[in-house]
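Worksheet: one structure, shown below.
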Amino acid sequence: MARHSVQLLRLNPSSSFFQFQLAHAHMLKSGLKADTHLAAEILSFYAAHVRFPDVVALVLSLTDTDTLSFSSLLSSLSRSPIPSLAVSLFPRMLSVKPPLDPFALPSALKACASLPSLVNGQKLHALAVVSGASNDTFVCSSLLHFYLKCGVQAEAQKVFDRMPNPSVVAYSAVIADAAARGSVSGAKKLLSKMQESGVEPNLVTWNGVIAGFSRSGHPHEAVSMVQRMLLEGCRLDSIGVSTALPAAGDIGDLWVGLQIHGYAIKCGFEADHCIVSALIDMYGKCQVIDGMIRVFDEVGNMDVGSCNALLTGLARNGFVDEALMRFGRFKEQEIELNVVSWTSIVACCAQNGKDVKAMELFREMQSCGVRPNSVTIPCLLPACANIVALMHGRSAHCFSLRSGLTFDVYVSSALIDMYAKCGRIRDARTVFDLMPMRNVVTWNAMLGGYAMHGRAKDAIDLFTLMEGSKQKPDSISFTCILSSCSQAGLKDEGRRFFLEMEREYGIAARMEHYACMVSLLSRSGKLDEAYRFIGEMPFYPDACVWGALLSACRVHGNVQLGEIAAKNLFKLEPHNAGNYVLLSNIYASKGLWDGVDKVRDEMKSLGMKKNPGCSWIEIKNKVHILLAGDSSHTKMEQIVERLDHLGDEMKKRGYQPSTDLALQDVEEQDKEQMLCGHSEKLAVALGLISTSPGTPLRVIKNLRICGDCHAVIKFISEFERREILVRDINRFHLLKDGKCSCGDYW
DNA sequence: GTAGGGTTAG
């Protein structure tokens with residue numbers, strides 16, 4: 001087709017999309033040398049109609065692109081939702097003569113930064129150097145931004161250092177980056193240096209440093225920066241307002257928050273979606289529920305961001321049902337809920353004991369077509385871990401693998417924790433070993449897993465590995481290793497770690513470290529030493545410390561120290577019935593029934609009831625709950641029958657029930673009956689009758705496993721040839737062939 | 001026609 005026939009198409013801005021496509025098609029088919037005028041017309045049409053892929057297709061099809069303005073093309077493509085399209089034009093851009101339009105580089109770098117694509121950006125950097133453009137202010141600040149975005153701070157620093165007179169933009173970028181890395185002094189020094197060299201910070205500088213401090217956990221610094229910018233004559237713009245509000249919320253200073261709110265109203269910023277969300281968030285963090293709801297209700301059109309902020313604010317303040325109710329209403333109103341909305345509601349449930357609901361919502365979000373991301377998974381997994389829903393946890397693992405989320409440290413750390421808490425310590429270790437990057441949370445999850453499982457040797461080996469790695473142990477790592485030593489009765493090792501913590505790592509011992517040491521000493525029989533240790537603490541011991549001593553007194557039958565520990569606990573935790581029960585058990589084990597009576601009377605007069613024992617067991621993807629002495633389960637008759645049968649078998653083998661563990665002073669036979677009703681035994685029996693022979697069982701209990709149940713389940717593991725895993729409040733017991741992984745030391 | 005800053009989920 002001849003050129004004139006194309007022109008016959010008479011393109012003008014009001015031509016239809018079809019006409020433009022037709023012209024494009026003719027150009028391709030006729031193999032015409034580019035008619036730059038026509039091409040430019042088609043290009044601008046495509047760009048104006050957000051048809052960016054068509055733009056690229058057209059440019060790539062042109063044979064003569066000499067006079068094409070790559071800088072304007074790249075500029076619009078780099079700001080498009082698909083910046084990779086800009087990158088796809090690079091080869092063509094480099095082949096034209098003259099090779100480089102000086103205005104094209106910054107846009108091209110912007111595209112590389114937003115992807116981000118380190119390799120392509122580095123090529124552009126090289127090109128800038130070769131073509132002598134590397135001293136250009138625009139090119140330098142683009143390079144700076146690109147390297148910071150790719151996380152290559154050293155390169156960014158080099159670019160900055162080579163700038164003879166850094167611009168405001170360059171200063172702003174490095175200052176914001178220092179602030180975001182949490183370097184308060186670094187950011188402030190740069191700010192001073194900038195002002196000394198005669199460059200005044202502008203709104204972007206201030207907003208950047210405020211956002212950096214706020215996100216890096218320095219909200220006080222962020223707020224003081226707001227005050228400083230005001231003193232220096234800068235006023236907050238709408239972006240500044242939405243940046244400053246989360247910081248005000250984080251320091252919980254309602255007065256600051258109210259002032260910013262008032263200012264926002266004065267400026268007429270109330271309609272800004274980001275500001276509305278930030279306001280709701282601020283009121284939520286300051287626990288001003290009515291303020292939060294008022295802001296939400298006053299916005300005319302519903303924005304997902306403000307809905308999400310409201311859900312989080314409600315959850316944060318314990319209004320879980322209200323959050324669920326609102327969430328349901330948002331769905332009915334057909335608000336386009338996004339991944340943040342779903343993650344918020346999953347987190348809300350998981351953090352407030354609604355574990356099953358959290359898992360249901362996780363499934364629902366997927367069926368609504370919303371893809372969970374690297375934040376959703378760590379929010380969900382603790383719910384699976386809590387109720388040992390291994391199948392659900394595993395399916396979240398599969399999802400993460402398929403979506404490439406396991407590379408995220410938070411996802412994998414949460415997986416380690418989930419597997420460990422579901423009794424799959426080896427799976428936890430596999431996840432750990434496969435991780436390309438680990439942070440302190442990862443190491444602690446694995447160490448904590450070993451501690452829970454009583455695998456002291458593995459914990460010590462891993463701890464040694466950690467000491468030799470780049471990641472140094474923190475206070476929590478030491479809690480894990482001390483707890484491992486305490487579980488296994490490794491007195492000398494525990495002492496060594498305790499000393500090493502302060503001497504070599506400069507970590508001051510906290511309450512939980514003392515509690516571990518007290519537990520370590522007292523449970524290995526050194527009760528007096530443990531008591532002396534408490535006396536030498538640099539601060540007042542809390543309930544965990546006394547609790548460790550009290551439970552060791554029960555194991556060793558030490559009445560005198562038990563009474564001292566209990567007396568302190570009654571003062572610290574007047575409403576915790578568990579402490580009364582423990583003391584009573586100590587008396588009962590020594591046949592001191594007067595003491596038992598006294599404790600029972602005291603409990604009665606204080607209106608206290610024993611916390612009921614409760615166990616969970618997952619059978620075929622369904623979680624069953626069993627309460628001590630509760631006969632409401634539909635299969636209770638069969639459960640009791642099975643336990644009776646097992647009891648007979650045990651008696652035949654000379655087994656004696658350990659009756660000293662029952663709370664009350666009752667007839668021997670009744671005591672035996674009561675022990676039968678413990679929830680962990682009921683759960684195990686339910687597992688036995690509901691699964692095929694040989695299936696391993698996993699049970700969780702809300703309290704410490706009772707000594708009699710421990711003995712009975714050990715027997716069951718051998719008699720029924722079952723591997724039974726019991727997770728109690730403190731640790732795991734893996735019962736197999738009549739033996740327990742805890743070595744009867746717990 | 002070229003560079004920089006915002007809310008809500010861990």
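A note on labels: chains of the structure tokens are A, B, ... as shown, every chain counts residues from 1, and ligands are counted from 1 in their shown order.
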Which segment 261-335 of chain A residues have any atom within 10 Å of an atom of chain B, and for each, what is the nearest pair of atoms with distance in Å to one decimal, counting only C-alpha atoms (C1' of nucleotides), rows sorted by chain and number, as CSV?
```
residue,atom,partner,partner_atom,distance
A:Asp272,CA,B:DT7,C1',9.5
A:His273,CA,B:DT7,C1',7.2
A:Cys274,CA,B:DT7,C1',3.9
A:Ile275,CA,B:DT7,C1',6.1
A:Val276,CA,B:DT7,C1',7.4
A:Ser277,CA,B:DT7,C1',5.0
A:Ala278,CA,B:DT7,C1',4.9
A:Leu279,CA,B:DT7,C1',8.5
A:Ile280,CA,B:DT8,C1',9.1
A:Asp281,CA,B:DT8,C1',7.6
A:Val304,CA,B:DT8,C1',8.2
A:Gly305,CA,B:DT8,C1',4.9
A:Ser306,CA,B:DT8,C1',6.6
A:Cys307,CA,B:DT8,C1',7.8
A:Asn308,CA,B:DT8,C1',5.1
A:Ala309,CA,B:DT8,C1',4.6
A:Leu310,CA,B:DT8,C1',8.3
A:Leu311,CA,B:DT8,C1',9.0
A:Thr312,CA,B:DT8,C1',7.9
A:Gly313,CA,B:DT8,C1',9.8
```
As an NGL selection string, please: every residue in segment 89-240 of chain A that a backbone DSSP assignment puts in helix (DSSP H, G or I). :A and (90-95 or 104-114 or 118-130 or 137-149 or 153-162 or 168-180 or 184-196 or 203-215 or 219-231 or 238-240)
At a cut-off of 6 Å, list the chain A residues touching chain B, using only C-alpha atoms (C1' of nucleotides), as number ranges by chain. A: 72, 103, 106, 138, 141-142, 169, 204, 207-208, 239, 242-243, 274, 277-278, 305, 308-309, 340, 343-344, 375
